[in-house]
file model-v1.cif (mmCIF, C-alpha atoms)
data_coords
#
loop_
_atom_site.label_atom_id
_atom_site.label_comp_id
_atom_site.auth_asym_id
_atom_site.auth_seq_id
_atom_site.Cartn_x
_atom_site.Cartn_y
_atom_site.Cartn_z
CA MET A 1 -11.33 8.53 6.15
CA LYS A 2 -8.81 7.29 8.70
CA PRO A 3 -11.06 8.09 11.71
CA ALA A 4 -13.97 6.27 10.05
CA ILE A 5 -11.83 3.20 9.42
CA ARG A 6 -10.59 3.22 13.03
CA GLU A 7 -14.20 3.41 14.25
CA VAL A 8 -15.61 0.67 12.03
CA LEU A 9 -12.53 -1.56 11.84
CA PRO A 10 -10.57 -0.90 15.03
CA GLU A 11 -8.00 -3.63 14.38
CA ALA A 12 -7.31 -2.50 10.81
CA ILE A 13 -4.00 -0.82 10.12
CA TRP A 14 -3.65 2.04 7.65
CA GLN A 15 -1.34 1.23 4.74
CA ARG A 16 -0.46 4.09 2.44
CA CYS A 17 0.55 3.08 -1.07
CA TYR A 18 4.31 3.45 -1.44
CA VAL A 19 4.00 4.49 -5.11
CA HIS A 20 1.75 7.40 -4.22
CA PHE A 21 4.05 8.27 -1.32
CA LEU A 22 7.03 8.45 -3.69
CA ARG A 23 5.04 10.61 -6.13
CA ASN A 24 4.12 12.95 -3.27
CA ALA A 25 7.81 13.15 -2.33
CA LEU A 26 8.45 14.87 -5.67
CA ASP A 27 6.62 17.91 -4.29
CA TYR A 28 9.46 18.48 -1.81
CA VAL A 29 12.42 18.53 -4.20
CA PRO A 30 13.38 20.75 -7.15
CA ARG A 31 11.90 19.65 -10.49
CA LYS A 32 15.09 18.33 -12.06
CA VAL A 33 16.66 16.36 -9.25
CA ASP A 34 19.28 14.13 -10.85
CA ASP A 35 20.93 12.66 -7.78
CA ASP A 36 20.14 9.39 -6.04
CA CYS A 37 17.97 10.83 -3.28
CA LEU A 38 14.57 9.59 -4.50
CA GLN A 39 15.97 6.35 -5.90
CA GLU A 40 17.40 5.51 -2.49
CA LEU A 41 14.04 6.35 -0.92
CA ARG A 42 12.37 3.91 -3.30
CA TRP A 43 14.79 1.11 -2.33
CA PHE A 44 13.46 1.02 1.24
CA TYR A 45 10.44 -0.86 -0.02
CA ASP A 46 12.57 -3.76 -1.25
CA ARG A 47 13.95 -4.55 2.21
CA ARG A 48 12.99 -7.77 3.97
CA ASP A 49 12.36 -6.54 7.51
CA LEU A 50 11.31 -3.42 9.36
CA ALA A 51 14.44 -3.10 11.51
CA GLU A 52 16.58 -2.93 8.37
CA VAL A 53 14.27 -0.30 6.85
CA ARG A 54 14.35 1.88 9.96
CA ARG A 55 18.15 1.71 10.10
CA ASP A 56 18.37 2.65 6.41
CA ILE A 57 15.87 5.50 6.81
CA ALA A 58 17.98 6.99 9.61
CA ALA A 59 21.06 6.80 7.40
CA TRP A 60 19.15 8.28 4.44
CA LEU A 61 17.86 11.17 6.56
CA ALA A 62 21.38 11.93 7.81
CA LYS A 63 22.76 11.85 4.26
CA TRP A 64 20.13 14.10 2.62
CA GLN A 65 19.08 16.40 5.49
CA SER A 66 21.39 19.25 4.53
CA LYS A 67 20.51 19.18 0.81
CA TYR A 68 16.72 18.57 1.06
CA PRO A 69 15.51 19.55 4.55
CA LYS A 70 11.83 19.89 3.53
CA LEU A 71 11.81 16.45 1.92
CA CYS A 72 13.50 14.87 4.92
CA ALA A 73 11.07 16.45 7.37
CA TRP A 74 8.11 15.28 5.27
CA VAL A 75 9.50 11.74 4.93
CA GLU A 76 10.17 11.54 8.65
CA ASP A 77 6.57 12.57 9.39
CA ASN A 78 4.89 10.31 6.81
CA ILE A 79 6.94 7.22 6.01
CA GLU A 80 5.62 5.11 8.90
CA GLU A 81 2.19 4.78 7.29
CA THR A 82 3.82 3.22 4.22
CA LEU A 83 5.52 0.51 6.29
CA SER A 84 2.46 -1.23 7.77
CA TYR A 85 2.79 -4.13 5.35
CA TYR A 86 5.86 -5.31 7.28
CA ARG A 87 3.42 -6.72 9.86
CA LEU A 88 2.35 -9.24 7.23
CA PRO A 89 4.24 -12.33 6.02
CA LEU A 90 7.06 -11.65 3.57
CA ALA A 91 5.14 -13.34 0.74
CA HIS A 92 2.41 -10.65 1.04
CA HIS A 93 4.75 -7.64 0.97
CA LYS A 94 4.90 -7.38 -2.81
CA HIS A 95 1.11 -7.16 -3.12
CA MET A 96 0.18 -5.16 -0.04
CA LYS A 97 2.67 -2.29 -0.20
CA SER A 98 0.77 -0.69 -3.07
CA THR A 99 -2.89 -0.15 -3.93
CA ASN A 100 -2.72 -2.05 -7.23
CA MET A 101 -5.29 -4.61 -6.12
CA LEU A 102 -7.77 -1.93 -5.06
CA GLU A 103 -7.13 0.21 -8.13
CA ARG A 104 -7.78 -2.79 -10.37
CA LEU A 105 -11.13 -3.43 -8.67
CA ASN A 106 -12.10 0.24 -9.02
CA GLN A 107 -11.07 0.18 -12.68
CA GLU A 108 -13.30 -2.84 -13.32
CA ILE A 109 -16.25 -1.19 -11.53
CA LYS A 110 -15.75 1.95 -13.62
CA ARG A 111 -15.54 -0.06 -16.84
CA ARG A 112 -18.72 -2.04 -16.13
CA THR A 113 -20.78 0.93 -14.88
CA HIS A 114 -19.65 3.05 -17.83
CA VAL A 115 -21.23 0.53 -20.21
CA VAL A 116 -24.64 1.04 -18.58
CA ARG A 117 -24.18 4.84 -18.62
CA ILE A 118 -27.55 5.76 -17.07
CA PHE A 119 -28.98 3.83 -14.14
CA PRO A 120 -32.72 4.06 -13.41
CA ASN A 121 -31.92 4.65 -9.71
CA ALA A 122 -29.11 4.48 -7.15
CA GLU A 123 -30.15 1.00 -6.00
CA SER A 124 -29.61 -0.49 -9.45
CA CYS A 125 -26.11 0.96 -9.57
CA LEU A 126 -25.40 -0.42 -6.11
CA ARG A 127 -26.66 -3.88 -7.16
CA LEU A 128 -24.24 -3.91 -10.08
CA VAL A 129 -21.31 -2.80 -7.91
CA ARG A 130 -22.17 -5.43 -5.28
CA ALA A 131 -22.38 -8.12 -7.95
CA LEU A 132 -18.96 -7.08 -9.26
CA ALA A 133 -17.52 -7.15 -5.74
CA VAL A 134 -18.94 -10.64 -5.14
CA GLU A 135 -17.62 -11.81 -8.52
CA THR A 136 -14.17 -10.44 -7.73
CA HIS A 137 -14.20 -12.00 -4.26
CA GLU A 138 -15.09 -15.40 -5.70
CA ALA A 139 -12.36 -15.06 -8.32
CA TRP A 140 -9.84 -14.27 -5.56
CA LEU A 141 -10.99 -17.32 -3.58
CA GLU A 142 -11.16 -19.81 -6.45
CA GLY A 143 -8.74 -18.50 -9.04
CA THR A 144 -5.02 -18.04 -8.98
CA ARG A 145 -4.08 -16.97 -5.48
CA TYR A 146 -3.06 -13.35 -5.37
CA LEU A 147 -2.52 -13.69 -1.62
CA ASN A 148 -1.98 -17.07 0.00
CA MET A 149 -3.79 -16.79 3.33
CA GLU A 150 -1.94 -19.83 4.66
CA HIS A 151 1.10 -17.57 5.14
CA LEU A 152 -1.02 -15.29 7.33
CA ARG A 153 -2.34 -18.20 9.40
CA GLU A 154 1.21 -19.44 9.99
CA ARG A 155 2.31 -15.95 11.01
CA LYS A 156 -0.53 -15.74 13.56
CA LYS A 157 0.34 -19.17 14.97
CA GLU A 158 3.98 -18.10 15.31
CA ALA A 159 2.96 -14.90 17.11
CA LEU A 160 0.79 -16.89 19.54
CA ARG A 161 3.69 -19.29 20.26
CA GLN A 162 5.96 -16.36 21.10
CA VAL A 163 3.39 -14.91 23.53
CA ALA A 164 2.90 -18.25 25.32
#

call {"tool": "encode", "arguments": {"input": "model-v1.cif", "output": "structure tokens"}}
result
Amino acid sequence: MKPAIREVLPEAIWQRCYVHFLRNALDYVPRKVDDDCLQELRWFYDRRDLAEVRRDIAAWLAKWQSKYPKLCAWVEDNIEETLSYYRLPLAHHKHMKSTNMLERLNQEIKRRTHVVRIFPNAESCLRLVRALAVETHEAWLEGTRYLNMEHLRERKKEALRQVA
């Protein structure tokens, strides 16, 4: 999937959901871990800037390397793809570090297609899914702002000022 995204959307940045990342981390520790290792790992996603996160990750790795070497190696290899949201304005961090928005859309598509149960053909199913996507897009534009795009515009202007 990543190569396809890079080909079609070359400027897009891969953001792995931090919740799924933390769930995957459980595979690298004993079942009944009762220390603060995973809790501390979760706290990285509450930091305000990337430099602070990277400093804290280095300290976390040094602290837990001897007790959980497999976990630390896995985190070191994979955590960067969960930190892409730091390129966005701070106001967007809360919403973009997880896949909640996408999962909600998929849940709604599943709910609405389940009602129909049997489609006469693939095109009719696709029409329904497109209509739901358009409806959701319009709700995001007109309804309560989940993401305020003005923050993103300001961030881009600031980046252009720094380059000039």

call {"tool": "resolve_selection", "arguments": {"input": "model-v1.cif", "expression": "the PyMOL selection byres ((chain A and resi 96) around 10)", "output": "PyMOL selection string"}}
result
chain A and resi 15-18+84-86+88+91-95+97-102+147

call {"tool": "atom_distance", "arguments": {"input": "model-v1.cif", "atom1": "CA of Arg42 (chain A)", "atom2": "CA of Arg87 (chain A)"}}
result
19.1 Å

call {"tool": "closest_residue", "arguments": {"input": "model-v1.cif", "among": "A:Leu160, A:Leu41, A:Met149, A:Leu61", "to": "Val19 (chain A)", "atoms": "only C-alpha atoms"}}
result
A:Leu41

call {"tool": "residues_around", "arguments": {"input": "model-v1.cif", "residues": "Arg54 (chain A)", "least_positions_apart": "5", "cutoff": "10 Å", "atoms": "all atoms listed in the file", "output": "VMD selection string"}}
result
chain A and resid 44 49 59 to 60 79 to 80 83

call {"tool": "resolve_selection", "arguments": {"input": "model-v1.cif", "expression": "the PyMOL selection byres ((chain A and resi 68) around 12)", "output": "list of chain:residue names"}}
result
A:Ala25, A:Leu26, A:Asp27, A:Tyr28, A:Val29, A:Pro30, A:Val33, A:Asp35, A:Cys37, A:Leu38, A:Trp60, A:Leu61, A:Ala62, A:Lys63, A:Trp64, A:Gln65, A:Ser66, A:Lys67, A:Pro69, A:Lys70, A:Leu71, A:Cys72, A:Ala73, A:Trp74, A:Val75

call {"tool": "atom_distance", "arguments": {"input": "model-v1.cif", "atom1": "CA of Arg127 (chain A)", "atom2": "CA of Pro3 (chain A)"}}
result
27.3 Å

call {"tool": "atom_distance", "arguments": {"input": "model-v1.cif", "atom1": "CA of Val116 (chain A)", "atom2": "CA of Leu128 (chain A)"}}
result
9.8 Å

call {"tool": "closest_residue", "arguments": {"input": "model-v1.cif", "among": "A:Pro89, A:Glu7, A:Glu52, A:Glu142", "to": "Lys157 (chain A)", "atoms": "all atoms listed in the file"}}
result
A:Pro89

call {"tool": "closest_residue", "arguments": {"input": "model-v1.cif", "among": "A:Leu90, A:Asn106, A:Arg31, A:Leu9", "to": "His151 (chain A)", "atoms": "all atoms listed in the file"}}
result
A:Leu90

call {"tool": "closest_residue", "arguments": {"input": "model-v1.cif", "among": "A:Asn24, A:Val134, A:Arg48, A:Asn121", "to": "Ile109 (chain A)", "atoms": "all atoms listed in the file"}}
result
A:Val134

call {"tool": "resolve_selection", "arguments": {"input": "model-v1.cif", "expression": "the PyMOL selection byres ((chain A and resi 132) around 12)", "output": "CSV table (one decimal) with C-alpha atoms, in the frame of the given file"}}
result
chain,number,residue,atom,x,y,z
A,105,LEU,CA,-11.1,-3.4,-8.7
A,106,ASN,CA,-12.1,0.2,-9.0
A,107,GLN,CA,-11.1,0.2,-12.7
A,108,GLU,CA,-13.3,-2.8,-13.3
A,109,ILE,CA,-16.2,-1.2,-11.5
A,110,LYS,CA,-15.8,2.0,-13.6
A,111,ARG,CA,-15.5,-0.1,-16.8
A,112,ARG,CA,-18.7,-2.0,-16.1
A,113,THR,CA,-20.8,0.9,-14.9
A,125,CYS,CA,-26.1,1.0,-9.6
A,126,LEU,CA,-25.4,-0.4,-6.1
A,127,ARG,CA,-26.7,-3.9,-7.2
A,128,LEU,CA,-24.2,-3.9,-10.1
A,129,VAL,CA,-21.3,-2.8,-7.9
A,130,ARG,CA,-22.2,-5.4,-5.3
A,131,ALA,CA,-22.4,-8.1,-8.0
A,133,ALA,CA,-17.5,-7.2,-5.7
A,134,VAL,CA,-18.9,-10.6,-5.1
A,135,GLU,CA,-17.6,-11.8,-8.5
A,136,THR,CA,-14.2,-10.4,-7.7
A,137,HIS,CA,-14.2,-12.0,-4.3
A,138,GLU,CA,-15.1,-15.4,-5.7
A,139,ALA,CA,-12.4,-15.1,-8.3

call {"tool": "build_atoms", "arguments": {"input": "model-v1.cif", "residues": "region 81-92 of chain A", "atoms": "all heavy atoms", "output": "mmCIF file, in the frame of the given file"}}
result
data_model
loop_
_atom_site.group_PDB
_atom_site.id
_atom_site.type_symbol
_atom_site.label_atom_id
_atom_site.label_comp_id
_atom_site.auth_asym_id
_atom_site.auth_seq_id
_atom_site.Cartn_x
_atom_site.Cartn_y
_atom_site.Cartn_z
ATOM 1 N N GLU A 81 3.443 5.337 7.797
ATOM 2 C CA GLU A 81 2.190 4.780 7.290
ATOM 3 C C GLU A 81 2.360 4.013 5.986
ATOM 4 O O GLU A 81 1.434 3.365 5.525
ATOM 5 C CB GLU A 81 1.116 5.859 7.169
ATOM 6 C CG GLU A 81 1.408 6.951 6.213
ATOM 7 C CD GLU A 81 0.363 8.063 6.261
ATOM 8 O OE1 GLU A 81 -0.409 8.164 7.215
ATOM 9 O OE2 GLU A 81 0.344 8.836 5.289
ATOM 10 N N THR A 82 3.555 4.038 5.409
ATOM 11 C CA THR A 82 3.820 3.220 4.220
ATOM 12 C C THR A 82 4.498 1.904 4.589
ATOM 13 O O THR A 82 4.764 1.091 3.706
ATOM 14 C CB THR A 82 4.716 3.967 3.211
ATOM 15 O OG1 THR A 82 6.030 4.099 3.743
ATOM 16 C CG2 THR A 82 4.147 5.311 2.846
ATOM 17 N N LEU A 83 4.780 1.695 5.858
ATOM 18 C CA LEU A 83 5.520 0.510 6.290
ATOM 19 C C LEU A 83 4.653 -0.509 7.033
ATOM 20 O O LEU A 83 5.170 -1.481 7.571
ATOM 21 C CB LEU A 83 6.693 0.937 7.188
ATOM 22 C CG LEU A 83 7.672 1.936 6.572
ATOM 23 C CD1 LEU A 83 8.723 2.351 7.595
ATOM 24 C CD2 LEU A 83 8.322 1.372 5.322
ATOM 25 N N SER A 84 3.365 -0.325 7.046
ATOM 26 C CA SER A 84 2.460 -1.230 7.770
ATOM 27 C C SER A 84 2.497 -2.647 7.222
ATOM 28 O O SER A 84 2.265 -3.605 7.955
ATOM 29 C CB SER A 84 1.023 -0.704 7.703
ATOM 30 O OG SER A 84 0.947 0.573 8.261
ATOM 31 N N TYR A 85 2.798 -2.797 5.952
ATOM 32 C CA TYR A 85 2.790 -4.130 5.350
ATOM 33 C C TYR A 85 3.872 -5.046 5.939
ATOM 34 O O TYR A 85 3.804 -6.261 5.793
ATOM 35 C CB TYR A 85 2.931 -4.050 3.827
ATOM 36 C CG TYR A 85 4.274 -3.569 3.331
ATOM 37 C CD1 TYR A 85 5.278 -4.467 3.011
ATOM 38 C CD2 TYR A 85 4.533 -2.215 3.169
ATOM 39 C CE1 TYR A 85 6.503 -4.037 2.551
ATOM 40 C CE2 TYR A 85 5.748 -1.774 2.705
ATOM 41 C CZ TYR A 85 6.728 -2.684 2.407
ATOM 42 O OH TYR A 85 7.945 -2.246 1.946
ATOM 43 N N TYR A 86 4.843 -4.483 6.647
ATOM 44 C CA TYR A 86 5.860 -5.310 7.280
ATOM 45 C C TYR A 86 5.295 -6.170 8.410
ATOM 46 O O TYR A 86 5.948 -7.098 8.870
ATOM 47 C CB TYR A 86 7.020 -4.453 7.808
ATOM 48 C CG TYR A 86 7.986 -4.084 6.719
ATOM 49 C CD1 TYR A 86 7.974 -2.817 6.160
ATOM 50 C CD2 TYR A 86 8.899 -5.014 6.232
ATOM 51 C CE1 TYR A 86 8.852 -2.481 5.143
ATOM 52 C CE2 TYR A 86 9.778 -4.688 5.221
ATOM 53 C CZ TYR A 86 9.751 -3.415 4.672
ATOM 54 O OH TYR A 86 10.605 -3.090 3.668
ATOM 55 N N ARG A 87 4.079 -5.894 8.842
ATOM 56 C CA ARG A 87 3.420 -6.720 9.860
ATOM 57 C C ARG A 87 2.879 -8.007 9.252
ATOM 58 O O ARG A 87 2.462 -8.901 9.971
ATOM 59 C CB ARG A 87 2.270 -5.953 10.503
ATOM 60 C CG ARG A 87 2.748 -4.731 11.235
ATOM 61 C CD ARG A 87 1.599 -3.940 11.764
ATOM 62 N NE ARG A 87 2.091 -2.713 12.352
ATOM 63 C CZ ARG A 87 1.389 -1.958 13.159
ATOM 64 N NH1 ARG A 87 0.170 -2.287 13.464
ATOM 65 N NH2 ARG A 87 1.903 -0.859 13.646
ATOM 66 N N LEU A 88 2.867 -8.072 7.948
ATOM 67 C CA LEU A 88 2.350 -9.240 7.230
ATOM 68 C C LEU A 88 3.502 -10.175 6.854
ATOM 69 O O LEU A 88 4.665 -9.774 6.868
ATOM 70 C CB LEU A 88 1.629 -8.784 5.965
ATOM 71 C CG LEU A 88 0.417 -7.883 6.186
ATOM 72 C CD1 LEU A 88 -0.055 -7.297 4.868
ATOM 73 C CD2 LEU A 88 -0.695 -8.642 6.868
ATOM 74 N N PRO A 89 3.194 -11.403 6.469
ATOM 75 C CA PRO A 89 4.240 -12.330 6.020
ATOM 76 C C PRO A 89 4.975 -11.775 4.795
ATOM 77 O O PRO A 89 4.402 -11.039 3.987
ATOM 78 C CB PRO A 89 3.469 -13.598 5.648
ATOM 79 C CG PRO A 89 2.171 -13.488 6.369
ATOM 80 C CD PRO A 89 1.876 -12.033 6.485
ATOM 81 N N LEU A 90 6.217 -12.135 4.660
ATOM 82 C CA LEU A 90 7.060 -11.650 3.570
ATOM 83 C C LEU A 90 6.440 -11.897 2.195
ATOM 84 O O LEU A 90 6.536 -11.051 1.307
ATOM 85 C CB LEU A 90 8.450 -12.304 3.650
ATOM 86 C CG LEU A 90 9.488 -11.852 2.641
ATOM 87 C CD1 LEU A 90 9.775 -10.359 2.799
ATOM 88 C CD2 LEU A 90 10.769 -12.650 2.796
ATOM 89 N N ALA A 91 5.764 -13.015 2.034
ATOM 90 C CA ALA A 91 5.140 -13.340 0.740
ATOM 91 C C ALA A 91 4.053 -12.340 0.353
ATOM 92 O O ALA A 91 3.735 -12.182 -0.814
ATOM 93 C CB ALA A 91 4.548 -14.749 0.788
ATOM 94 N N HIS A 92 3.472 -11.629 1.318
ATOM 95 C CA HIS A 92 2.410 -10.650 1.040
ATOM 96 C C HIS A 92 2.951 -9.246 0.780
ATOM 97 O O HIS A 92 2.213 -8.400 0.293
ATOM 98 C CB HIS A 92 1.442 -10.587 2.215
ATOM 99 C CG HIS A 92 0.613 -11.815 2.372
ATOM 100 N ND1 HIS A 92 -0.526 -11.833 3.111
ATOM 101 C CD2 HIS A 92 0.741 -13.070 1.882
ATOM 102 C CE1 HIS A 92 -1.065 -13.039 3.085
ATOM 103 N NE2 HIS A 92 -0.296 -13.801 2.344
#
